[in-house]
Amino acid sequence: MPATPAWPPKSAPRLFVPAPLAEGATVALDGAQSHYLGKVMRAAVGDAVILCDDTSGEWLARVAQVGKRDIQLSVEALLRPRELVPDFWLCPALLKKDRFDLVLEKATELGVAAIHPVLTRRCVADRLNPERARAIVTEAAEQCARTALPTLEQPVKLDALLRDWPADRALFFADENGGAPAAAAFAAYAGPAALLIGPEGGFDDAERAAIRAHPGARAITLGPRILRGETAALAATALWMGTTGDWNG
């Protein structure tokens, strides 16, 4: 007897939508999302689409109508509630556009709760396009089946980040000059945490001294090799997820 195919199919398109979702609701898509479903995925009436609203969770919807410029979807049932995301922030120094795009995409896939870009003296970039960055994060969340988008903040200078840092959150600081082994440091701490990663060229001496003087900072080392900014950010995030996050259940 042939196996019953999964429903909804794993190949069903996934989209985040801004409006709250509920059983029986109608969702109208236009612009890029309508083009994606209608022209790229060639969705037809009756096809399944997975919708997320970043509030309630993941919903099954079906295409109800396909127009020239918009697509109407009918929401049928809640598939799973919004996931509980590990309370981990990534605070990466801004990098060149293509390298920082990679950080945004992969940090979302790895499961961070928030991304707080940082401006330091050796940053080669000084601004971030919020719409473009949000689109990258949203696409990554759709691709990896997240039901919760990470919070994405605008870049702030390092001194402002340290000044306004919440007292109850540990700030793990990847220091090229050394610190506690990252895996051991992560495993020994179970509270709200964040990871601060410097730019290519690293923090200068004054920045390093200011970070180390902060009461919430915990210097760590990521091994014997000097890593690029994007490599350090993603490798350390993966390590945190494996030791303290949700990779081991």
# chains A, B, ... in the order shown; residues from 1 in each chain; ligands from 1

$ select_by_dssp --residues "region 16-203 of chain A" --states "alpha helix (DSSP H)" --output "PyMOL selection string"
chain A and resi 31-35+97-110+130-143+158-163+182-187

$ residues_around --residues "Pro166 (chain A)" --least-positions-apart "4" --cutoff "12 Å" --atoms "only C-alpha atoms" --output "ChimeraX atom specification"
/A:89,160-162,170-171,192-194,214-217

$ residues_around --residues "Gly57 (chain A)" --least-positions-apart "2" --cutoff "8 Å" --atoms "only C-alpha atoms" --output "list in words"
Cys52, Asp53, Asp54, Thr55, Trp59, Leu78, Leu79, Arg80, Pro81, Arg82, Glu83, Thr147 and Ala148 of chain A

$ closest_atom_pairs --of "region 142-185 of chain A" --to "region 11-32 of chain A" --cutoff "9 Å" --atoms "only C-alpha atoms" --output "CSV"
residue,atom,partner,partner_atom,distance
A:Glu142,CA,A:Arg14,CA,5.6
A:Gln143,CA,A:Arg14,CA,7.5
A:Ala145,CA,A:Arg14,CA,7.7
A:Thr147,CA,A:Phe16,CA,8.5
A:Leu149,CA,A:Phe16,CA,8.9

$ closest_residue --among "A:Ala93, A:Ala209, A:Ala43, A:Ala190" --to "Leu128 (chain A)" --atoms "only C-alpha atoms"
A:Ala93

$ residues_around --residues "Gly111 (chain A)" --least-positions-apart "4" --cutoff "12 Å" --atoms "only C-alpha atoms" --output "mmCIF file with N, CA, C and O atoms, in the first residue's frame"
data_model
loop_
_atom_site.group_PDB
_atom_site.id
_atom_site.type_symbol
_atom_site.label_atom_id
_atom_site.label_comp_id
_atom_site.auth_asym_id
_atom_site.auth_seq_id
_atom_site.Cartn_x
_atom_site.Cartn_y
_atom_site.Cartn_z
ATOM 1 N N GLU A 83 7.535 29.517 17.488
ATOM 2 C CA GLU A 83 8.591 28.807 18.214
ATOM 3 C C GLU A 83 9.173 29.647 19.346
ATOM 4 O O GLU A 83 9.136 30.888 19.315
ATOM 5 N N LEU A 84 9.717 28.970 20.332
ATOM 6 C CA LEU A 84 10.467 29.621 21.401
ATOM 7 C C LEU A 84 11.925 29.707 20.957
ATOM 8 O O LEU A 84 12.592 28.685 20.777
ATOM 9 N N VAL A 85 12.405 30.911 20.762
ATOM 10 C CA VAL A 85 13.756 31.129 20.241
ATOM 11 C C VAL A 85 14.720 31.283 21.407
ATOM 12 O O VAL A 85 14.408 31.966 22.395
ATOM 13 N N PRO A 86 15.895 30.662 21.356
ATOM 14 C CA PRO A 86 16.886 30.863 22.418
ATOM 15 C C PRO A 86 17.195 32.347 22.614
ATOM 16 O O PRO A 86 17.284 33.106 21.642
ATOM 17 N N ASP A 87 17.347 32.755 23.858
ATOM 18 C CA ASP A 87 17.542 34.172 24.181
ATOM 19 C C ASP A 87 18.999 34.571 23.947
ATOM 20 O O ASP A 87 19.773 34.768 24.886
ATOM 21 N N PHE A 88 19.328 34.676 22.675
ATOM 22 C CA PHE A 88 20.718 34.935 22.282
ATOM 23 C C PHE A 88 20.744 36.036 21.228
ATOM 24 O O PHE A 88 20.081 35.937 20.195
ATOM 25 N N TRP A 89 21.512 37.094 21.495
ATOM 26 C CA TRP A 89 21.681 38.201 20.552
ATOM 27 C C TRP A 89 23.055 38.099 19.886
ATOM 28 O O TRP A 89 24.042 37.737 20.536
ATOM 29 N N LEU A 90 23.099 38.443 18.621
ATOM 30 C CA LEU A 90 24.375 38.572 17.916
ATOM 31 C C LEU A 90 24.627 40.056 17.677
ATOM 32 O O LEU A 90 23.773 40.750 17.118
ATOM 33 N N LEU A 104 23.755 38.194 8.201
ATOM 34 C CA LEU A 104 22.313 38.326 8.426
ATOM 35 C C LEU A 104 21.594 37.029 8.085
ATOM 36 O O LEU A 104 20.741 36.539 8.852
ATOM 37 N N GLU A 105 21.911 36.472 6.925
ATOM 38 C CA GLU A 105 21.236 35.264 6.453
ATOM 39 C C GLU A 105 21.510 34.073 7.372
ATOM 40 O O GLU A 105 20.574 33.392 7.830
ATOM 41 N N LYS A 106 22.775 33.816 7.644
ATOM 42 C CA LYS A 106 23.127 32.610 8.396
ATOM 43 C C LYS A 106 22.811 32.739 9.885
ATOM 44 O O LYS A 106 22.467 31.742 10.534
ATOM 45 N N ALA A 107 22.908 33.938 10.436
ATOM 46 C CA ALA A 107 22.526 34.111 11.837
ATOM 47 C C ALA A 107 21.043 33.810 12.023
ATOM 48 O O ALA A 107 20.631 33.217 13.023
ATOM 49 N N ILE A 115 19.540 40.610 16.193
ATOM 50 C CA ILE A 115 20.795 41.030 15.573
ATOM 51 C C ILE A 115 20.961 42.521 15.825
ATOM 52 O O ILE A 115 20.107 43.329 15.430
ATOM 53 N N VAL A 137 16.763 38.816 6.030
ATOM 54 C CA VAL A 137 16.408 38.068 7.231
ATOM 55 C C VAL A 137 15.101 37.296 7.023
ATOM 56 O O VAL A 137 14.981 36.120 7.406
ATOM 57 N N ALA A 140 15.586 34.318 4.701
ATOM 58 C CA ALA A 140 16.300 33.247 5.397
ATOM 59 C C ALA A 140 15.375 32.502 6.349
ATOM 60 O O ALA A 140 15.420 31.270 6.460
ATOM 61 N N ALA A 141 14.516 33.229 7.054
ATOM 62 C CA ALA A 141 13.570 32.588 7.969
ATOM 63 C C ALA A 141 12.586 31.701 7.221
ATOM 64 O O ALA A 141 12.235 30.610 7.680
ATOM 65 N N CYS A 144 14.425 28.408 6.096
ATOM 66 C CA CYS A 144 14.796 27.433 7.133
ATOM 67 C C CYS A 144 13.628 27.059 8.030
ATOM 68 O O CYS A 144 13.816 26.398 9.057
ATOM 69 N N ALA A 145 12.421 27.489 7.670
ATOM 70 C CA ALA A 145 11.192 27.128 8.393
ATOM 71 C C ALA A 145 11.127 27.690 9.803
ATOM 72 O O ALA A 145 10.537 27.084 10.701
ATOM 73 N N ARG A 146 11.705 28.864 10.019
ATOM 74 C CA ARG A 146 11.487 29.558 11.280
ATOM 75 C C ARG A 146 10.066 30.100 11.311
ATOM 76 O O ARG A 146 9.501 30.480 10.280
ATOM 77 N N THR A 147 9.498 30.169 12.488
ATOM 78 C CA THR A 147 8.193 30.808 12.644
ATOM 79 C C THR A 147 8.310 32.134 13.392
ATOM 80 O O THR A 147 7.308 32.805 13.611
ATOM 81 N N ALA A 148 9.540 32.494 13.789
ATOM 82 C CA ALA A 148 9.789 33.735 14.515
ATOM 83 C C ALA A 148 10.944 34.473 13.850
ATOM 84 O O ALA A 148 12.043 33.936 13.713
ATOM 85 N N LEU A 149 10.684 35.695 13.429
ATOM 86 C CA LEU A 149 11.749 36.498 12.829
ATOM 87 C C LEU A 149 12.653 37.053 13.921
ATOM 88 O O LEU A 149 12.177 37.468 14.986
ATOM 89 N N PRO A 150 13.963 37.103 13.679
ATOM 90 C CA PRO A 150 14.826 37.770 14.653
ATOM 91 C C PRO A 150 14.587 39.273 14.635
ATOM 92 O O PRO A 150 14.299 39.860 13.586
ATOM 93 N N THR A 151 14.699 39.892 15.785
ATOM 94 C CA THR A 151 14.667 41.348 15.852
ATOM 95 C C THR A 151 15.912 41.887 15.163
ATOM 96 O O THR A 151 17.016 41.387 15.384
ATOM 97 N N LEU A 234 29.577 33.632 12.805
ATOM 98 C CA LEU A 234 28.760 32.454 12.534
ATOM 99 C C LEU A 234 29.289 31.215 13.256
ATOM 100 O O LEU A 234 28.507 30.400 13.759
ATOM 101 N N THR A 237 28.324 31.632 16.931
ATOM 102 C CA THR A 237 26.880 31.453 17.108
ATOM 103 C C THR A 237 26.520 29.974 17.053
ATOM 104 O O THR A 237 25.729 29.472 17.867
ATOM 105 N N ALA A 238 27.090 29.261 16.093
ATOM 106 C CA ALA A 238 26.833 27.822 15.993
ATOM 107 C C ALA A 238 27.306 27.104 17.256
ATOM 108 O O ALA A 238 26.630 26.192 17.765
ATOM 109 N N LEU A 239 28.449 27.513 17.774
ATOM 110 C CA LEU A 239 28.971 26.894 18.988
ATOM 111 C C LEU A 239 28.032 27.151 20.166
ATOM 112 O O LEU A 239 27.763 26.245 20.970
ATOM 113 N N TRP A 240 27.519 28.364 20.270
ATOM 114 C CA TRP A 240 26.591 28.665 21.363
ATOM 115 C C TRP A 240 25.319 27.830 21.237
ATOM 116 O O TRP A 240 24.813 27.298 22.225
ATOM 117 N N MET A 241 24.803 27.712 20.008
ATOM 118 C CA MET A 241 23.586 26.922 19.820
ATOM 119 C C MET A 241 23.806 25.460 20.184
ATOM 120 O O MET A 241 22.906 24.779 20.681
ATOM 121 N N GLY A 242 25.009 24.964 19.937
ATOM 122 C CA GLY A 242 25.311 23.574 20.237
ATOM 123 C C GLY A 242 25.571 23.287 21.698
ATOM 124 O O GLY A 242 25.390 22.155 22.159
ATOM 125 N N GLY A 245 22.215 26.546 23.384
ATOM 126 C CA GLY A 245 20.989 26.841 22.650
ATOM 127 C C GLY A 245 20.085 25.629 22.480
ATOM 128 O O GLY A 245 20.023 24.755 23.327
ATOM 129 N N ASP A 246 19.415 25.579 21.321
ATOM 130 C CA ASP A 246 18.395 24.547 21.137
ATOM 131 C C ASP A 246 18.800 23.415 20.180
ATOM 132 O O ASP A 246 17.948 22.692 19.697
ATOM 133 N N TRP A 247 20.079 23.247 19.960
ATOM 134 C CA TRP A 247 20.495 22.173 19.042
ATOM 135 C C TRP A 247 20.506 20.801 19.703
ATOM 136 O O TRP A 247 20.483 19.783 19.011
#

$ residues_around --residues "Ala174 (chain A)" --least-positions-apart "2" --cutoff "6 Å" --atoms "only C-alpha atoms" --output "list in words"
Ile197, Ile220 and Thr221 of chain A

$ select_by_dssp --residues "region 4-211 of chain A" --states "strand (DSSP E or B)" --output "NGL selection string"
:A and (14-16 or 26-30 or 48-52 or 57-66 or 70-81 or 88-93 or 114-115 or 118-119 or 151-152 or 156-157 or 170-174 or 180-181 or 193-197)

$ decode --residues "region 41-191 of chain A" --atoms "C-alpha atoms" --output "PDB file, in the first residue's frame"
ATOM      1  CA  MET A  41       6.106  29.066  -8.125  1.00  0.00           C
ATOM      2  CA  ARG A  42       3.180  29.071 -10.616  1.00  0.00           C
ATOM      3  CA  ALA A  43       0.670  28.655  -7.808  1.00  0.00           C
ATOM      4  CA  ALA A  44      -2.849  27.690  -8.867  1.00  0.00           C
ATOM      5  CA  VAL A  45      -6.206  27.745  -7.112  1.00  0.00           C
ATOM      6  CA  GLY A  46      -6.248  25.058  -4.413  1.00  0.00           C
ATOM      7  CA  ASP A  47      -2.477  24.910  -3.931  1.00  0.00           C
ATOM      8  CA  ALA A  48      -1.127  24.901  -0.370  1.00  0.00           C
ATOM      9  CA  VAL A  49       0.894  27.819   0.984  1.00  0.00           C
ATOM     10  CA  ILE A  50       2.454  28.059   4.445  1.00  0.00           C
ATOM     11  CA  LEU A  51       2.030  31.445   6.095  1.00  0.00           C
ATOM     12  CA  CYS A  52       3.665  32.912   9.203  1.00  0.00           C
ATOM     13  CA  ASP A  53       2.798  36.189  10.924  1.00  0.00           C
ATOM     14  CA  ASP A  54       5.668  36.304  13.473  1.00  0.00           C
ATOM     15  CA  THR A  55       3.021  36.369  16.197  1.00  0.00           C
ATOM     16  CA  SER A  56       0.803  33.303  16.341  1.00  0.00           C
ATOM     17  CA  GLY A  57       2.810  30.735  14.410  1.00  0.00           C
ATOM     18  CA  GLU A  58       2.632  28.778  11.157  1.00  0.00           C
ATOM     19  CA  TRP A  59      -0.633  28.392   9.210  1.00  0.00           C
ATOM     20  CA  LEU A  60      -1.865  26.325   6.302  1.00  0.00           C
ATOM     21  CA  ALA A  61      -3.519  28.396   3.581  1.00  0.00           C
ATOM     22  CA  ARG A  62      -4.788  27.654   0.094  1.00  0.00           C
ATOM     23  CA  VAL A  63      -4.779  29.779  -3.013  1.00  0.00           C
ATOM     24  CA  ALA A  64      -8.342  31.015  -3.477  1.00  0.00           C
ATOM     25  CA  GLN A  65      -7.879  33.361  -6.419  1.00  0.00           C
ATOM     26  CA  VAL A  66      -5.059  34.272  -8.797  1.00  0.00           C
ATOM     27  CA  GLY A  67      -5.246  37.715 -10.390  1.00  0.00           C
ATOM     28  CA  LYS A  68      -2.919  39.608 -12.672  1.00  0.00           C
ATOM     29  CA  ARG A  69      -1.464  41.666  -9.850  1.00  0.00           C
ATOM     30  CA  ASP A  70      -2.532  39.938  -6.670  1.00  0.00           C
ATOM     31  CA  ILE A  71      -3.277  36.549  -5.147  1.00  0.00           C
ATOM     32  CA  GLN A  72      -5.950  35.771  -2.561  1.00  0.00           C
ATOM     33  CA  LEU A  73      -5.262  33.096   0.056  1.00  0.00           C
ATOM     34  CA  SER A  74      -7.699  31.455   2.447  1.00  0.00           C
ATOM     35  CA  VAL A  75      -6.259  30.523   5.863  1.00  0.00           C
ATOM     36  CA  GLU A  76      -7.380  27.060   6.991  1.00  0.00           C
ATOM     37  CA  ALA A  77      -5.580  25.821  10.114  1.00  0.00           C
ATOM     38  CA  LEU A  78      -2.768  26.463  12.571  1.00  0.00           C
ATOM     39  CA  LEU A  79       0.047  23.977  11.944  1.00  0.00           C
ATOM     40  CA  ARG A  80       2.283  24.904  14.874  1.00  0.00           C
ATOM     41  CA  PRO A  81       2.596  27.806  17.308  1.00  0.00           C
ATOM     42  CA  ARG A  82       5.334  30.411  17.142  1.00  0.00           C
ATOM     43  CA  GLU A  83       8.591  28.807  18.214  1.00  0.00           C
ATOM     44  CA  LEU A  84      10.467  29.621  21.401  1.00  0.00           C
ATOM     45  CA  VAL A  85      13.756  31.129  20.241  1.00  0.00           C
ATOM     46  CA  PRO A  86      16.886  30.863  22.418  1.00  0.00           C
ATOM     47  CA  ASP A  87      17.542  34.172  24.181  1.00  0.00           C
ATOM     48  CA  PHE A  88      20.718  34.935  22.282  1.00  0.00           C
ATOM     49  CA  TRP A  89      21.681  38.201  20.552  1.00  0.00           C
ATOM     50  CA  LEU A  90      24.375  38.572  17.916  1.00  0.00           C
ATOM     51  CA  CYS A  91      26.176  41.932  17.961  1.00  0.00           C
ATOM     52  CA  PRO A  92      28.416  41.916  14.872  1.00  0.00           C
ATOM     53  CA  ALA A  93      30.476  44.879  13.700  1.00  0.00           C
ATOM     54  CA  LEU A  94      29.375  46.081  10.279  1.00  0.00           C
ATOM     55  CA  LEU A  95      31.270  44.524   7.365  1.00  0.00           C
ATOM     56  CA  LYS A  96      31.290  45.029   3.616  1.00  0.00           C
ATOM     57  CA  LYS A  97      27.824  44.547   2.148  1.00  0.00           C
ATOM     58  CA  ASP A  98      28.189  41.020   0.749  1.00  0.00           C
ATOM     59  CA  ARG A  99      29.898  39.735   3.890  1.00  0.00           C
ATOM     60  CA  PHE A 100      27.348  41.297   6.205  1.00  0.00           C
ATOM     61  CA  ASP A 101      24.528  39.912   4.053  1.00  0.00           C
ATOM     62  CA  LEU A 102      25.970  36.475   4.803  1.00  0.00           C
ATOM     63  CA  VAL A 103      25.953  37.220   8.548  1.00  0.00           C
ATOM     64  CA  LEU A 104      22.313  38.326   8.426  1.00  0.00           C
ATOM     65  CA  GLU A 105      21.236  35.264   6.453  1.00  0.00           C
ATOM     66  CA  LYS A 106      23.127  32.610   8.396  1.00  0.00           C
ATOM     67  CA  ALA A 107      22.526  34.111  11.837  1.00  0.00           C
ATOM     68  CA  THR A 108      18.806  33.875  11.086  1.00  0.00           C
ATOM     69  CA  GLU A 109      19.182  30.254  10.014  1.00  0.00           C
ATOM     70  CA  LEU A 110      21.183  29.460  13.137  1.00  0.00           C
ATOM     71  CA  GLY A 111      18.356  30.720  15.340  1.00  0.00           C
ATOM     72  CA  VAL A 112      19.436  34.010  16.958  1.00  0.00           C
ATOM     73  CA  ALA A 113      16.704  36.015  18.670  1.00  0.00           C
ATOM     74  CA  ALA A 114      18.106  39.420  17.712  1.00  0.00           C
ATOM     75  CA  ILE A 115      20.795  41.030  15.573  1.00  0.00           C
ATOM     76  CA  HIS A 116      22.337  44.262  16.852  1.00  0.00           C
ATOM     77  CA  PRO A 117      24.868  45.641  14.317  1.00  0.00           C
ATOM     78  CA  VAL A 118      27.728  47.634  15.836  1.00  0.00           C
ATOM     79  CA  LEU A 119      29.850  50.496  14.506  1.00  0.00           C
ATOM     80  CA  THR A 120      33.512  50.456  15.542  1.00  0.00           C
ATOM     81  CA  ARG A 121      36.519  52.568  14.551  1.00  0.00           C
ATOM     82  CA  ARG A 122      37.796  50.007  12.049  1.00  0.00           C
ATOM     83  CA  CYS A 123      34.470  49.273  10.344  1.00  0.00           C
ATOM     84  CA  VAL A 124      34.669  49.680   6.566  1.00  0.00           C
ATOM     85  CA  ALA A 125      30.897  50.293   6.388  1.00  0.00           C
ATOM     86  CA  ASP A 126      28.936  52.873   8.345  1.00  0.00           C
ATOM     87  CA  ARG A 127      25.305  52.230   7.412  1.00  0.00           C
ATOM     88  CA  LEU A 128      22.821  49.449   6.798  1.00  0.00           C
ATOM     89  CA  ASN A 129      19.857  49.555   4.430  1.00  0.00           C
ATOM     90  CA  PRO A 130      17.007  48.509   6.780  1.00  0.00           C
ATOM     91  CA  GLU A 131      14.599  47.370   4.049  1.00  0.00           C
ATOM     92  CA  ARG A 132      17.234  45.274   2.302  1.00  0.00           C
ATOM     93  CA  ALA A 133      18.465  43.798   5.586  1.00  0.00           C
ATOM     94  CA  ARG A 134      14.919  42.936   6.648  1.00  0.00           C
ATOM     95  CA  ALA A 135      14.282  41.242   3.293  1.00  0.00           C
ATOM     96  CA  ILE A 136      17.407  39.094   3.709  1.00  0.00           C
ATOM     97  CA  VAL A 137      16.408  38.068   7.231  1.00  0.00           C
ATOM     98  CA  THR A 138      12.832  37.292   6.193  1.00  0.00           C
ATOM     99  CA  GLU A 139      13.885  35.178   3.205  1.00  0.00           C
ATOM    100  CA  ALA A 140      16.300  33.247   5.397  1.00  0.00           C
ATOM    101  CA  ALA A 141      13.570  32.588   7.969  1.00  0.00           C
ATOM    102  CA  GLU A 142      11.237  31.350   5.240  1.00  0.00           C
ATOM    103  CA  GLN A 143      13.882  29.033   3.809  1.00  0.00           C
ATOM    104  CA  CYS A 144      14.796  27.433   7.133  1.00  0.00           C
ATOM    105  CA  ALA A 145      11.192  27.128   8.393  1.00  0.00           C
ATOM    106  CA  ARG A 146      11.487  29.558  11.280  1.00  0.00           C
ATOM    107  CA  THR A 147       8.193  30.808  12.644  1.00  0.00           C
ATOM    108  CA  ALA A 148       9.789  33.735  14.515  1.00  0.00           C
ATOM    109  CA  LEU A 149      11.749  36.498  12.829  1.00  0.00           C
ATOM    110  CA  PRO A 150      14.826  37.770  14.653  1.00  0.00           C
ATOM    111  CA  THR A 151      14.667  41.348  15.852  1.00  0.00           C
ATOM    112  CA  LEU A 152      16.859  43.489  13.589  1.00  0.00           C
ATOM    113  CA  GLU A 153      18.164  46.732  15.061  1.00  0.00           C
ATOM    114  CA  GLN A 154      19.800  49.683  13.341  1.00  0.00           C
ATOM    115  CA  PRO A 155      23.596  49.970  13.799  1.00  0.00           C
ATOM    116  CA  VAL A 156      24.801  51.759  16.941  1.00  0.00           C
ATOM    117  CA  LYS A 157      28.260  52.903  17.963  1.00  0.00           C
ATOM    118  CA  LEU A 158      30.127  50.627  20.325  1.00  0.00           C
ATOM    119  CA  ASP A 159      30.120  53.148  23.176  1.00  0.00           C
ATOM    120  CA  ALA A 160      26.329  53.483  22.929  1.00  0.00           C
ATOM    121  CA  LEU A 161      25.904  49.699  22.923  1.00  0.00           C
ATOM    122  CA  LEU A 162      27.985  49.386  26.090  1.00  0.00           C
ATOM    123  CA  ARG A 163      26.318  52.358  27.785  1.00  0.00           C
ATOM    124  CA  ASP A 164      22.795  51.004  27.278  1.00  0.00           C
ATOM    125  CA  TRP A 165      23.584  47.334  27.816  1.00  0.00           C
ATOM    126  CA  PRO A 166      20.968  45.492  29.963  1.00  0.00           C
ATOM    127  CA  ALA A 167      22.386  44.470  33.313  1.00  0.00           C
ATOM    128  CA  ASP A 168      20.896  40.975  33.199  1.00  0.00           C
ATOM    129  CA  ARG A 169      22.483  39.928  29.877  1.00  0.00           C
ATOM    130  CA  ALA A 170      26.011  38.526  29.561  1.00  0.00           C
ATOM    131  CA  LEU A 171      28.100  40.022  26.753  1.00  0.00           C
ATOM    132  CA  PHE A 172      30.515  37.423  25.413  1.00  0.00           C
ATOM    133  CA  PHE A 173      33.331  39.273  23.697  1.00  0.00           C
ATOM    134  CA  ALA A 174      35.462  37.500  21.079  1.00  0.00           C
ATOM    135  CA  ASP A 175      38.897  38.923  21.880  1.00  0.00           C
ATOM    136  CA  GLU A 176      41.858  38.241  19.623  1.00  0.00           C
ATOM    137  CA  ASN A 177      44.108  38.809  22.642  1.00  0.00           C
ATOM    138  CA  GLY A 178      42.613  35.817  24.409  1.00  0.00           C
ATOM    139  CA  GLY A 179      40.000  34.830  26.926  1.00  0.00           C
ATOM    140  CA  ALA A 180      38.198  31.774  28.221  1.00  0.00           C
ATOM    141  CA  PRO A 181      37.653  28.961  25.689  1.00  0.00           C
ATOM    142  CA  ALA A 182      34.336  29.776  24.025  1.00  0.00           C
ATOM    143  CA  ALA A 183      32.700  26.356  24.371  1.00  0.00           C
ATOM    144  CA  ALA A 184      33.409  26.137  28.094  1.00  0.00           C
ATOM    145  CA  ALA A 185      32.305  29.713  28.710  1.00  0.00           C
ATOM    146  CA  PHE A 186      29.041  29.200  26.829  1.00  0.00           C
ATOM    147  CA  ALA A 187      28.262  25.903  28.529  1.00  0.00           C
ATOM    148  CA  ALA A 188      28.822  27.391  31.992  1.00  0.00           C
ATOM    149  CA  TYR A 189      26.269  30.178  31.523  1.00  0.00           C
ATOM    150  CA  ALA A 190      22.529  29.607  31.079  1.00  0.00           C
ATOM    151  CA  GLY A 191      21.086  33.129  31.266  1.00  0.00           C
TER     152      GLY A 191
END
